[in-house]
$ cat model_16.cif   # mmCIF, N, CA and C atoms
data_my_file
loop_
_atom_site.group_PDB
_atom_site.id
_atom_site.type_symbol
_atom_site.label_atom_id
_atom_site.label_comp_id
_atom_site.auth_asym_id
_atom_site.auth_seq_id
_atom_site.Cartn_x
_atom_site.Cartn_y
_atom_site.Cartn_z
ATOM 1 N N MET A 25 3.935 -3.825 17.320
ATOM 2 C CA MET A 25 4.606 -3.025 16.321
ATOM 3 C C MET A 25 4.033 -3.370 14.947
ATOM 4 N N THR A 26 3.643 -2.350 14.216
ATOM 5 C CA THR A 26 3.130 -2.564 12.867
ATOM 6 C C THR A 26 4.050 -1.898 11.857
ATOM 7 N N THR A 27 4.018 -2.406 10.645
ATOM 8 C CA THR A 27 4.872 -1.926 9.568
ATOM 9 C C THR A 27 4.048 -1.137 8.571
ATOM 10 N N LEU A 28 4.636 -0.073 8.049
ATOM 11 C CA LEU A 28 4.093 0.632 6.893
ATOM 12 C C LEU A 28 5.031 0.335 5.738
ATOM 13 N N LEU A 29 4.543 -0.409 4.757
ATOM 14 C CA LEU A 29 5.315 -0.726 3.559
ATOM 15 C C LEU A 29 4.800 0.139 2.422
ATOM 16 N N THR A 30 5.675 0.941 1.843
ATOM 17 C CA THR A 30 5.328 1.764 0.691
ATOM 18 C C THR A 30 5.957 1.141 -0.538
ATOM 19 N N LEU A 31 5.116 0.750 -1.486
ATOM 20 C CA LEU A 31 5.616 0.187 -2.741
ATOM 21 C C LEU A 31 5.664 1.278 -3.796
ATOM 22 N N THR A 32 6.779 1.345 -4.517
ATOM 23 C CA THR A 32 6.930 2.336 -5.581
ATOM 24 C C THR A 32 6.945 1.697 -6.961
ATOM 25 N N GLN A 33 6.902 0.378 -7.000
ATOM 26 C CA GLN A 33 6.852 -0.345 -8.273
ATOM 27 C C GLN A 33 6.111 -1.654 -8.071
ATOM 28 N N PRO A 34 5.517 -2.196 -9.130
ATOM 29 C CA PRO A 34 4.829 -3.488 -8.988
ATOM 30 C C PRO A 34 5.811 -4.568 -8.526
ATOM 31 N N LEU A 35 5.277 -5.539 -7.834
ATOM 32 C CA LEU A 35 6.107 -6.619 -7.292
ATOM 33 C C LEU A 35 6.310 -7.743 -8.302
ATOM 34 N N THR A 36 7.476 -8.352 -8.239
ATOM 35 C CA THR A 36 7.690 -9.592 -8.977
ATOM 36 C C THR A 36 7.036 -10.716 -8.168
ATOM 37 N N ASP A 37 6.866 -11.865 -8.765
ATOM 38 C CA ASP A 37 6.292 -13.008 -8.040
ATOM 39 C C ASP A 37 7.141 -13.369 -6.827
ATOM 40 N N ARG A 38 8.438 -13.339 -6.981
ATOM 41 C CA ARG A 38 9.343 -13.697 -5.877
ATOM 42 C C ARG A 38 9.242 -12.686 -4.723
ATOM 43 N N GLN A 39 9.172 -11.397 -5.055
ATOM 44 C CA GLN A 39 9.012 -10.371 -4.026
ATOM 45 C C GLN A 39 7.686 -10.547 -3.293
ATOM 46 N N GLN A 40 6.641 -10.849 -4.038
ATOM 47 C CA GLN A 40 5.335 -11.051 -3.419
ATOM 48 C C GLN A 40 5.369 -12.237 -2.466
ATOM 49 N N GLN A 41 6.029 -13.315 -2.839
ATOM 50 C CA GLN A 41 6.147 -14.487 -1.964
ATOM 51 C C GLN A 41 6.890 -14.132 -0.672
ATOM 52 N N LEU A 42 7.958 -13.358 -0.800
ATOM 53 C CA LEU A 42 8.725 -12.936 0.376
ATOM 54 C C LEU A 42 7.862 -12.089 1.306
ATOM 55 N N LEU A 43 7.144 -11.131 0.742
ATOM 56 C CA LEU A 43 6.319 -10.246 1.563
ATOM 57 C C LEU A 43 5.146 -10.986 2.200
ATOM 58 N N GLN A 44 4.657 -12.046 1.547
ATOM 59 C CA GLN A 44 3.590 -12.865 2.148
ATOM 60 C C GLN A 44 4.058 -13.443 3.481
ATOM 61 N N LEU A 45 5.337 -13.771 3.577
ATOM 62 C CA LEU A 45 5.896 -14.333 4.809
ATOM 63 C C LEU A 45 6.151 -13.260 5.869
ATOM 64 N N TRP A 46 6.429 -12.055 5.448
ATOM 65 C CA TRP A 46 6.861 -10.988 6.341
ATOM 66 C C TRP A 46 5.709 -10.156 6.880
ATOM 67 N N LEU A 47 4.756 -9.818 6.034
ATOM 68 C CA LEU A 47 3.686 -8.900 6.430
ATOM 69 C C LEU A 47 2.634 -9.575 7.297
ATOM 70 N N GLN A 48 2.054 -8.801 8.211
ATOM 71 C CA GLN A 48 1.021 -9.278 9.129
ATOM 72 C C GLN A 48 -0.291 -8.535 8.847
ATOM 73 N N PRO A 49 -1.439 -9.100 9.256
ATOM 74 C CA PRO A 49 -2.736 -8.459 8.981
ATOM 75 C C PRO A 49 -2.867 -7.037 9.535
ATOM 76 N N GLU A 50 -2.155 -6.708 10.599
ATOM 77 C CA GLU A 50 -2.255 -5.363 11.176
ATOM 78 C C GLU A 50 -1.341 -4.338 10.482
ATOM 79 N N ASP A 51 -0.510 -4.786 9.546
ATOM 80 C CA ASP A 51 0.390 -3.894 8.817
ATOM 81 C C ASP A 51 -0.366 -3.076 7.773
ATOM 82 N N HIS A 52 0.324 -2.081 7.220
ATOM 83 C CA HIS A 52 -0.258 -1.183 6.216
ATOM 84 C C HIS A 52 0.587 -1.222 4.947
ATOM 85 N N LEU A 53 -0.081 -1.183 3.817
ATOM 86 C CA LEU A 53 0.568 -1.126 2.515
ATOM 87 C C LEU A 53 0.072 0.119 1.799
ATOM 88 N N LEU A 54 1.003 0.941 1.350
ATOM 89 C CA LEU A 54 0.684 2.144 0.588
ATOM 90 C C LEU A 54 1.342 2.012 -0.778
ATOM 91 N N VAL A 55 0.584 2.238 -1.841
ATOM 92 C CA VAL A 55 1.160 2.197 -3.192
ATOM 93 C C VAL A 55 1.355 3.613 -3.710
ATOM 94 N N ARG A 56 2.502 3.831 -4.354
ATOM 95 C CA ARG A 56 2.871 5.134 -4.910
ATOM 96 C C ARG A 56 3.549 4.899 -6.253
ATOM 97 N N GLU A 57 3.786 5.971 -6.963
ATOM 98 C CA GLU A 57 4.539 5.975 -8.215
ATOM 99 C C GLU A 57 4.076 4.859 -9.161
ATOM 100 N N ASP A 58 4.989 4.016 -9.631
ATOM 101 C CA ASP A 58 4.633 2.983 -10.604
ATOM 102 C C ASP A 58 3.770 1.861 -10.019
ATOM 103 N N ALA A 59 3.699 1.766 -8.699
ATOM 104 C CA ALA A 59 2.876 0.732 -8.052
ATOM 105 C C ALA A 59 1.416 1.138 -7.914
ATOM 106 N N ARG A 60 1.083 2.396 -8.254
ATOM 107 C CA ARG A 60 -0.291 2.889 -8.073
ATOM 108 C C ARG A 60 -1.337 2.031 -8.766
ATOM 109 N N THR A 61 -1.007 1.483 -9.924
ATOM 110 C CA THR A 61 -1.993 0.698 -10.674
ATOM 111 C C THR A 61 -2.399 -0.580 -9.944
ATOM 112 N N MET A 62 -1.640 -0.976 -8.931
ATOM 113 C CA MET A 62 -2.031 -2.144 -8.128
ATOM 114 C C MET A 62 -3.379 -1.924 -7.459
ATOM 115 N N ALA A 63 -3.763 -0.675 -7.259
ATOM 116 C CA ALA A 63 -5.023 -0.358 -6.576
ATOM 117 C C ALA A 63 -6.247 -0.660 -7.437
ATOM 118 N N ARG A 64 -6.056 -1.046 -8.660
ATOM 119 C CA ARG A 64 -7.180 -1.413 -9.532
ATOM 120 C C ARG A 64 -7.584 -2.877 -9.390
ATOM 121 N N VAL A 65 -6.758 -3.663 -8.722
ATOM 122 C CA VAL A 65 -7.009 -5.104 -8.561
ATOM 123 C C VAL A 65 -6.976 -5.454 -7.076
ATOM 124 N N PRO A 66 -7.421 -6.643 -6.702
ATOM 125 C CA PRO A 66 -7.389 -7.014 -5.279
ATOM 126 C C PRO A 66 -5.973 -6.909 -4.704
ATOM 127 N N CYS A 67 -5.895 -6.486 -3.469
ATOM 128 C CA CYS A 67 -4.606 -6.428 -2.784
ATOM 129 C C CYS A 67 -4.079 -7.853 -2.613
ATOM 130 N N PRO A 68 -2.803 -8.085 -2.922
ATOM 131 C CA PRO A 68 -2.267 -9.443 -2.813
ATOM 132 C C PRO A 68 -1.996 -9.888 -1.377
ATOM 133 N N PHE A 69 -2.216 -9.012 -0.420
ATOM 134 C CA PHE A 69 -1.934 -9.328 0.980
ATOM 135 C C PHE A 69 -3.159 -9.056 1.849
ATOM 136 N N ALA A 70 -3.277 -9.794 2.943
ATOM 137 C CA ALA A 70 -4.378 -9.594 3.896
ATOM 138 C C ALA A 70 -3.925 -8.578 4.937
ATOM 139 N N LEU A 71 -4.065 -7.298 4.587
ATOM 140 C CA LEU A 71 -3.672 -6.210 5.484
ATOM 141 C C LEU A 71 -4.414 -4.943 5.101
ATOM 142 N N ASN A 72 -4.022 -3.829 5.661
ATOM 143 C CA ASN A 72 -4.649 -2.526 5.390
ATOM 144 C C ASN A 72 -3.992 -1.898 4.171
ATOM 145 N N ALA A 73 -4.656 -1.918 3.032
ATOM 146 C CA ALA A 73 -4.095 -1.408 1.782
ATOM 147 C C ALA A 73 -4.645 -0.018 1.491
ATOM 148 N N CYS A 74 -3.766 0.897 1.106
ATOM 149 C CA CYS A 74 -4.227 2.254 0.835
ATOM 150 C C CYS A 74 -3.441 2.919 -0.283
ATOM 151 N N ILE A 75 -4.049 3.982 -0.796
ATOM 152 C CA ILE A 75 -3.459 4.818 -1.830
ATOM 153 C C ILE A 75 -3.841 6.254 -1.517
ATOM 154 N N ARG A 76 -2.896 7.172 -1.686
ATOM 155 C CA ARG A 76 -3.190 8.587 -1.452
ATOM 156 C C ARG A 76 -4.186 9.079 -2.483
ATOM 157 N N ALA A 77 -5.069 9.979 -2.070
ATOM 158 C CA ALA A 77 -6.107 10.513 -2.966
ATOM 159 C C ALA A 77 -5.489 11.127 -4.215
ATOM 160 N N GLU A 78 -4.397 11.835 -4.060
ATOM 161 C CA GLU A 78 -3.708 12.457 -5.196
ATOM 162 C C GLU A 78 -3.245 11.393 -6.204
ATOM 163 N N ASP A 79 -2.698 10.291 -5.704
ATOM 164 C CA ASP A 79 -2.236 9.211 -6.585
ATOM 165 C C ASP A 79 -3.406 8.496 -7.248
ATOM 166 N N ALA A 80 -4.500 8.313 -6.509
ATOM 167 C CA ALA A 80 -5.688 7.672 -7.085
ATOM 168 C C ALA A 80 -6.251 8.519 -8.217
ATOM 169 N N ALA A 81 -6.254 9.830 -8.039
ATOM 170 C CA ALA A 81 -6.765 10.727 -9.089
ATOM 171 C C ALA A 81 -5.878 10.670 -10.328
ATOM 172 N N ARG A 82 -4.587 10.511 -10.133
ATOM 173 C CA ARG A 82 -3.664 10.462 -11.270
ATOM 174 C C ARG A 82 -3.861 9.228 -12.143
ATOM 175 N N ILE A 83 -4.175 8.092 -11.519
ATOM 176 C CA ILE A 83 -4.362 6.889 -12.349
ATOM 177 C C ILE A 83 -5.782 6.813 -12.899
ATOM 178 N N GLY A 84 -6.715 7.499 -12.244
ATOM 179 C CA GLY A 84 -8.095 7.496 -12.723
ATOM 180 C C GLY A 84 -8.715 6.112 -12.683
ATOM 181 N N GLY A 85 -9.909 6.009 -13.183
ATOM 182 C CA GLY A 85 -10.598 4.723 -13.228
ATOM 183 C C GLY A 85 -11.137 4.310 -11.874
ATOM 184 N N ILE A 86 -11.591 3.080 -11.821
ATOM 185 C CA ILE A 86 -12.214 2.534 -10.614
ATOM 186 C C ILE A 86 -11.186 1.739 -9.830
ATOM 187 N N LEU A 87 -11.106 2.012 -8.543
ATOM 188 C CA LEU A 87 -10.205 1.264 -7.664
ATOM 189 C C LEU A 87 -10.934 0.051 -7.104
ATOM 190 N N HIS A 88 -10.179 -0.998 -6.833
ATOM 191 C CA HIS A 88 -10.751 -2.189 -6.202
ATOM 192 C C HIS A 88 -11.114 -1.842 -4.751
ATOM 193 N N PRO A 89 -12.202 -2.392 -4.234
ATOM 194 C CA PRO A 89 -12.633 -2.071 -2.861
ATOM 195 C C PRO A 89 -11.639 -2.471 -1.764
ATOM 196 N N ASP A 90 -10.639 -3.292 -2.077
ATOM 197 C CA ASP A 90 -9.614 -3.631 -1.081
ATOM 198 C C ASP A 90 -8.799 -2.408 -0.664
ATOM 199 N N TRP A 91 -8.818 -1.378 -1.498
ATOM 200 C CA TRP A 91 -7.936 -0.231 -1.304
ATOM 201 C C TRP A 91 -8.690 0.960 -0.729
ATOM 202 N N GLN A 92 -8.154 1.522 0.340
ATOM 203 C CA GLN A 92 -8.728 2.706 0.965
ATOM 204 C C GLN A 92 -7.990 3.933 0.432
ATOM 205 N N VAL A 93 -8.740 4.941 0.009
ATOM 206 C CA VAL A 93 -8.159 6.208 -0.438
ATOM 207 C C VAL A 93 -7.961 7.084 0.801
ATOM 208 N N ILE A 94 -6.736 7.575 0.987
ATOM 209 C CA ILE A 94 -6.432 8.396 2.162
ATOM 210 C C ILE A 94 -5.926 9.774 1.724
ATOM 211 N N ASP A 95 -6.124 10.757 2.593
ATOM 212 C CA ASP A 95 -5.600 12.099 2.309
ATOM 213 C C ASP A 95 -4.187 12.210 2.900
ATOM 214 N N ASP A 96 -3.559 13.352 2.674
ATOM 215 C CA ASP A 96 -2.180 13.520 3.134
ATOM 216 C C ASP A 96 -2.058 13.479 4.657
ATOM 217 N N ALA A 97 -3.067 13.973 5.365
ATOM 218 C CA ALA A 97 -3.028 13.933 6.826
ATOM 219 C C ALA A 97 -3.023 12.488 7.331
ATOM 220 N N ALA A 98 -3.816 11.625 6.696
ATOM 221 C CA ALA A 98 -3.834 10.205 7.079
ATOM 222 C C ALA A 98 -2.509 9.542 6.752
ATOM 223 N N TRP A 99 -1.902 9.955 5.659
ATOM 224 C CA TRP A 99 -0.589 9.411 5.268
ATOM 225 C C TRP A 99 0.461 9.768 6.324
ATOM 226 N N VAL A 100 0.487 11.027 6.744
ATOM 227 C CA VAL A 100 1.434 11.454 7.778
ATOM 228 C C VAL A 100 1.180 10.679 9.065
ATOM 229 N N SER A 101 -0.071 10.477 9.406
ATOM 230 C CA SER A 101 -0.422 9.719 10.598
ATOM 231 C C SER A 101 0.090 8.280 10.522
ATOM 232 N N LEU A 102 -0.034 7.657 9.355
ATOM 233 C CA LEU A 102 0.490 6.292 9.189
ATOM 234 C C LEU A 102 1.995 6.246 9.419
ATOM 235 N N VAL A 103 2.698 7.234 8.899
ATOM 236 C CA VAL A 103 4.154 7.281 9.080
ATOM 237 C C VAL A 103 4.495 7.448 10.558
ATOM 238 N N GLU A 104 3.756 8.290 11.247
ATOM 239 C CA GLU A 104 4.026 8.536 12.671
ATOM 240 C C GLU A 104 3.697 7.328 13.540
ATOM 241 N N GLN A 105 2.682 6.554 13.172
ATOM 242 C CA GLN A 105 2.182 5.488 14.030
ATOM 243 C C GLN A 105 2.784 4.121 13.749
ATOM 244 N N ASN A 106 3.517 3.972 12.658
ATOM 245 C CA ASN A 106 4.039 2.655 12.290
ATOM 246 C C ASN A 106 5.553 2.636 12.279
ATOM 247 N N GLN A 107 6.102 1.560 12.816
ATOM 248 C CA GLN A 107 7.540 1.320 12.795
ATOM 249 C C GLN A 107 7.748 -0.162 12.574
ATOM 250 N N PRO A 108 8.531 -0.572 11.644
ATOM 251 C CA PRO A 108 9.319 0.277 10.746
ATOM 252 C C PRO A 108 8.488 0.824 9.590
ATOM 253 N N VAL A 109 9.044 1.856 8.952
ATOM 254 C CA VAL A 109 8.496 2.386 7.703
ATOM 255 C C VAL A 109 9.482 1.973 6.618
ATOM 256 N N VAL A 110 8.981 1.187 5.650
ATOM 257 C CA VAL A 110 9.858 0.619 4.622
ATOM 258 C C VAL A 110 9.363 1.063 3.253
ATOM 259 N N THR A 111 10.266 1.542 2.416
ATOM 260 C CA THR A 111 9.943 1.861 1.028
ATOM 261 C C THR A 111 10.618 0.840 0.135
ATOM 262 N N TRP A 112 9.828 0.221 -0.740
ATOM 263 C CA TRP A 112 10.337 -0.857 -1.604
ATOM 264 C C TRP A 112 10.128 -0.455 -3.022
#

$ encode --input "model_16.cif" --output "C-alpha cells"
Amino acid sequence: MTTLLTLTQPLTDRQQQLLQLWLQPEDHLLVREDARTMARVPCPFALNACIRAEDAARIGGILHPDWQVIDDAAWVSLVEQNQPVVTW
C-alpha cells in the first residue's frame, strides 16, 4: 500500500519531522496551492515528488530536479492507484 500525500501549504519543521517518520520511499508527494514553491528546492523526503504542470507553470522559474512535472491524467492515476490519499 502506498500513500499519496498532497501538500497545500509549506511544512513547519515539526510537521516535516513527523512526515519523515510516516512516509516511505514508494509513497508519492504532490504539492499544490501555497506548497507549490517547494518544487524549487530539493524534496525534503526520499520518495516520488511531483507537481502538476498547471501548478508548475503558475509559479514559473526553474524547478529542482527532485520534482517530476505531471499532467492531469497522471494526477488522476496517482489518486486511483494510491491508498490512502491524504491532503495536508

$ residues_around --input "model_16.cif" --residues "stretch 27-43 of chain A" --least-positions-apart "6" --cutoff "6 Å" --atoms "all atoms listed in the file" --output "number ranges by chain"
A: 50-59, 106-112

$ write_last_selection --input "model_16.cif" --atoms "N, CA and C atoms" --output "mmCIF file, in the coordinates of the input"
data_model
loop_
_atom_site.group_PDB
_atom_site.id
_atom_site.type_symbol
_atom_site.label_atom_id
_atom_site.label_comp_id
_atom_site.auth_asym_id
_atom_site.auth_seq_id
_atom_site.Cartn_x
_atom_site.Cartn_y
_atom_site.Cartn_z
ATOM 1 N N GLU A 50 -2.155 -6.708 10.599
ATOM 2 C CA GLU A 50 -2.255 -5.363 11.176
ATOM 3 C C GLU A 50 -1.341 -4.338 10.482
ATOM 4 N N ASP A 51 -0.510 -4.786 9.546
ATOM 5 C CA ASP A 51 0.390 -3.894 8.817
ATOM 6 C C ASP A 51 -0.366 -3.076 7.773
ATOM 7 N N HIS A 52 0.324 -2.081 7.220
ATOM 8 C CA HIS A 52 -0.258 -1.183 6.216
ATOM 9 C C HIS A 52 0.587 -1.222 4.947
ATOM 10 N N LEU A 53 -0.081 -1.183 3.817
ATOM 11 C CA LEU A 53 0.568 -1.126 2.515
ATOM 12 C C LEU A 53 0.072 0.119 1.799
ATOM 13 N N LEU A 54 1.003 0.941 1.350
ATOM 14 C CA LEU A 54 0.684 2.144 0.588
ATOM 15 C C LEU A 54 1.342 2.012 -0.778
ATOM 16 N N VAL A 55 0.584 2.238 -1.841
ATOM 17 C CA VAL A 55 1.160 2.197 -3.192
ATOM 18 C C VAL A 55 1.355 3.613 -3.710
ATOM 19 N N ARG A 56 2.502 3.831 -4.354
ATOM 20 C CA ARG A 56 2.871 5.134 -4.910
ATOM 21 C C ARG A 56 3.549 4.899 -6.253
ATOM 22 N N GLU A 57 3.786 5.971 -6.963
ATOM 23 C CA GLU A 57 4.539 5.975 -8.215
ATOM 24 C C GLU A 57 4.076 4.859 -9.161
ATOM 25 N N ASP A 58 4.989 4.016 -9.631
ATOM 26 C CA ASP A 58 4.633 2.983 -10.604
ATOM 27 C C ASP A 58 3.770 1.861 -10.019
ATOM 28 N N ALA A 59 3.699 1.766 -8.699
ATOM 29 C CA ALA A 59 2.876 0.732 -8.052
ATOM 30 C C ALA A 59 1.416 1.138 -7.914
ATOM 31 N N ASN A 106 3.517 3.972 12.658
ATOM 32 C CA ASN A 106 4.039 2.655 12.290
ATOM 33 C C ASN A 106 5.553 2.636 12.279
ATOM 34 N N GLN A 107 6.102 1.560 12.816
ATOM 35 C CA GLN A 107 7.540 1.320 12.795
ATOM 36 C C GLN A 107 7.748 -0.162 12.574
ATOM 37 N N PRO A 108 8.531 -0.572 11.644
ATOM 38 C CA PRO A 108 9.319 0.277 10.746
ATOM 39 C C PRO A 108 8.488 0.824 9.590
ATOM 40 N N VAL A 109 9.044 1.856 8.952
ATOM 41 C CA VAL A 109 8.496 2.386 7.703
ATOM 42 C C VAL A 109 9.482 1.973 6.618
ATOM 43 N N VAL A 110 8.981 1.187 5.650
ATOM 44 C CA VAL A 110 9.858 0.619 4.622
ATOM 45 C C VAL A 110 9.363 1.063 3.253
ATOM 46 N N THR A 111 10.266 1.542 2.416
ATOM 47 C CA THR A 111 9.943 1.861 1.028
ATOM 48 C C THR A 111 10.618 0.840 0.135
ATOM 49 N N TRP A 112 9.828 0.221 -0.740
ATOM 50 C CA TRP A 112 10.337 -0.857 -1.604
ATOM 51 C C TRP A 112 10.128 -0.455 -3.022
#

$ residues_around --input "model_16.cif" --residues "A:Cys67" --least-positions-apart "2" --cutoff "6.5 Å" --atoms "only N, CA and C atoms" --output "PDB file with N, CA and C atoms, keeping the file's coordinate frame"
ATOM      1  N   VAL A  65      -6.758  -3.663  -8.722  1.00  0.00           N
ATOM      2  CA  VAL A  65      -7.009  -5.104  -8.561  1.00  0.00           C
ATOM      3  C   VAL A  65      -6.976  -5.454  -7.076  1.00  0.00           C
ATOM      4  N   PHE A  69      -2.216  -9.012  -0.420  1.00  0.00           N
ATOM      5  CA  PHE A  69      -1.934  -9.328   0.980  1.00  0.00           C
ATOM      6  C   PHE A  69      -3.159  -9.056   1.849  1.00  0.00           C
ATOM      7  N   ALA A  70      -3.277  -9.794   2.943  1.00  0.00           N
ATOM      8  CA  ALA A  70      -4.378  -9.594   3.896  1.00  0.00           C
ATOM      9  C   ALA A  70      -3.925  -8.578   4.937  1.00  0.00           C
ATOM     10  N   ASP A  90     -10.639  -3.292  -2.077  1.00  0.00           N
ATOM     11  CA  ASP A  90      -9.614  -3.631  -1.081  1.00  0.00           C
ATOM     12  C   ASP A  90      -8.799  -2.408  -0.664  1.00  0.00           C
ATOM     13  N   TRP A  91      -8.818  -1.378  -1.498  1.00  0.00           N
ATOM     14  CA  TRP A  91      -7.936  -0.231  -1.304  1.00  0.00           C
ATOM     15  C   TRP A  91      -8.690   0.960  -0.729  1.00  0.00           C
TER      16      TRP A  91
END

$ closest_residue --input "model_16.cif" --among "A:His88, A:Arg82, A:Pro68, A:Ser101" --to "A:Gln44" --atoms "all atoms listed in the file"
A:Pro68

$ atom_distance --input "model_16.cif" --atom1 "atom C of A:Leu47" --atom2 "atom C of A:Asn72"
10.6 Å

$ select_by_dssp --input "model_16.cif" --residues "chain A" --states "alpha helix (DSSP H)" --output "ChimeraX atom specification"
/A:37-46,77-83,96-105

$ closest_residue --input "model_16.cif" --among "A:Pro49, A:Thr61, A:Val103, A:Gln92" --to "A:Cys74" --atoms "only C-alpha atoms"
A:Gln92

$ atom_distance --input "model_16.cif" --atom1 "atom CA of A:Gln105" --atom2 "atom CA of A:Gly84"
28.7 Å

$ atom_distance --input "model_16.cif" --atom1 "atom CA of A:Met25" --atom2 "atom CA of A:Leu71"
14.0 Å

$ select_by_dssp --input "model_16.cif" --residues "chain A" --states "strand (DSSP E)" --output "MDAnalysis selection string"
chainID A and resid 28:31 52:55 72:76 91:94 109:111

$ closest_residue --input "model_16.cif" --among "A:Asp96, A:Thr26, A:Ala63, A:Leu45" --to "A:Ala80" --atoms "only C-alpha atoms"
A:Ala63

$ residues_near_point --input "model_16.cif" --point "(-0.3, 11.4, 2.6)" --cutoff "10 Å" --atoms "only C-alpha atoms" --output "list in words"
Leu54, Ile75, Arg76, Ala77, Glu78, Asp79, Val93, Ile94, Asp95, Asp96, Ala97, Ala98, Trp99, Val100, Ser101, Leu102 and Val103 of chain A

$ write_last_selection --input "model_16.cif" --atoms "N, CA and C atoms" --output "PDB file, in the frame of the given file"
ATOM      1  N   LEU A  54       1.003   0.941   1.350  1.00  0.00           N
ATOM      2  CA  LEU A  54       0.684   2.144   0.588  1.00  0.00           C
ATOM      3  C   LEU A  54       1.342   2.012  -0.778  1.00  0.00           C
ATOM      4  N   ILE A  75      -4.049   3.982  -0.796  1.00  0.00           N
ATOM      5  CA  ILE A  75      -3.459   4.818  -1.830  1.00  0.00           C
ATOM      6  C   ILE A  75      -3.841   6.254  -1.517  1.00  0.00           C
ATOM      7  N   ARG A  76      -2.896   7.172  -1.686  1.00  0.00           N
ATOM      8  CA  ARG A  76      -3.190   8.587  -1.452  1.00  0.00           C
ATOM      9  C   ARG A  76      -4.186   9.079  -2.483  1.00  0.00           C
ATOM     10  N   ALA A  77      -5.069   9.979  -2.070  1.00  0.00           N
ATOM     11  CA  ALA A  77      -6.107  10.513  -2.966  1.00  0.00           C
ATOM     12  C   ALA A  77      -5.489  11.127  -4.215  1.00  0.00           C
ATOM     13  N   GLU A  78      -4.397  11.835  -4.060  1.00  0.00           N
ATOM     14  CA  GLU A  78      -3.708  12.457  -5.196  1.00  0.00           C
ATOM     15  C   GLU A  78      -3.245  11.393  -6.204  1.00  0.00           C
ATOM     16  N   ASP A  79      -2.698  10.291  -5.704  1.00  0.00           N
ATOM     17  CA  ASP A  79      -2.236   9.211  -6.585  1.00  0.00           C
ATOM     18  C   ASP A  79      -3.406   8.496  -7.248  1.00  0.00           C
ATOM     19  N   VAL A  93      -8.740   4.941   0.009  1.00  0.00           N
ATOM     20  CA  VAL A  93      -8.159   6.208  -0.438  1.00  0.00           C
ATOM     21  C   VAL A  93      -7.961   7.084   0.801  1.00  0.00           C
ATOM     22  N   ILE A  94      -6.736   7.575   0.987  1.00  0.00           N
ATOM     23  CA  ILE A  94      -6.432   8.396   2.162  1.00  0.00           C
ATOM     24  C   ILE A  94      -5.926   9.774   1.724  1.00  0.00           C
ATOM     25  N   ASP A  95      -6.124  10.757   2.593  1.00  0.00           N
ATOM     26  CA  ASP A  95      -5.600  12.099   2.309  1.00  0.00           C
ATOM     27  C   ASP A  95      -4.187  12.210   2.900  1.00  0.00           C
ATOM     28  N   ASP A  96      -3.559  13.352   2.674  1.00  0.00           N
ATOM     29  CA  ASP A  96      -2.180  13.520   3.134  1.00  0.00           C
ATOM     30  C   ASP A  96      -2.058  13.479   4.657  1.00  0.00           C
ATOM     31  N   ALA A  97      -3.067  13.973   5.365  1.00  0.00           N
ATOM     32  CA  ALA A  97      -3.028  13.933   6.826  1.00  0.00           C
ATOM     33  C   ALA A  97      -3.023  12.488   7.331  1.00  0.00           C
ATOM     34  N   ALA A  98      -3.816  11.625   6.696  1.00  0.00           N
ATOM     35  CA  ALA A  98      -3.834  10.205   7.079  1.00  0.00           C
ATOM     36  C   ALA A  98      -2.509   9.542   6.752  1.00  0.00           C
ATOM     37  N   TRP A  99      -1.902   9.955   5.659  1.00  0.00           N
ATOM     38  CA  TRP A  99      -0.589   9.411   5.268  1.00  0.00           C
ATOM     39  C   TRP A  99       0.461   9.768   6.324  1.00  0.00           C
ATOM     40  N   VAL A 100       0.487  11.027   6.744  1.00  0.00           N
ATOM     41  CA  VAL A 100       1.434  11.454   7.778  1.00  0.00           C
ATOM     42  C   VAL A 100       1.180  10.679   9.065  1.00  0.00           C
ATOM     43  N   SER A 101      -0.071  10.477   9.406  1.00  0.00           N
ATOM     44  CA  SER A 101      -0.422   9.719  10.598  1.00  0.00           C
ATOM     45  C   SER A 101       0.090   8.280  10.522  1.00  0.00           C
ATOM     46  N   LEU A 102      -0.034   7.657   9.355  1.00  0.00           N
ATOM     47  CA  LEU A 102       0.490   6.292   9.189  1.00  0.00           C
ATOM     48  C   LEU A 102       1.995   6.246   9.419  1.00  0.00           C
ATOM     49  N   VAL A 103       2.698   7.234   8.899  1.00  0.00           N
ATOM     50  CA  VAL A 103       4.154   7.281   9.080  1.00  0.00           C
ATOM     51  C   VAL A 103       4.495   7.448  10.558  1.00  0.00           C
TER      52      VAL A 103
END

$ axis_aligned_box --input "model_16.cif" --around "stretch 39-48 of chain A" --padding-each-side "3 Å" --output "JSON"
{"center_x": 4.4, "center_y": -11.5, "center_z": 2.0, "size_x": 15.5, "size_y": 12.0, "size_z": 20.2}
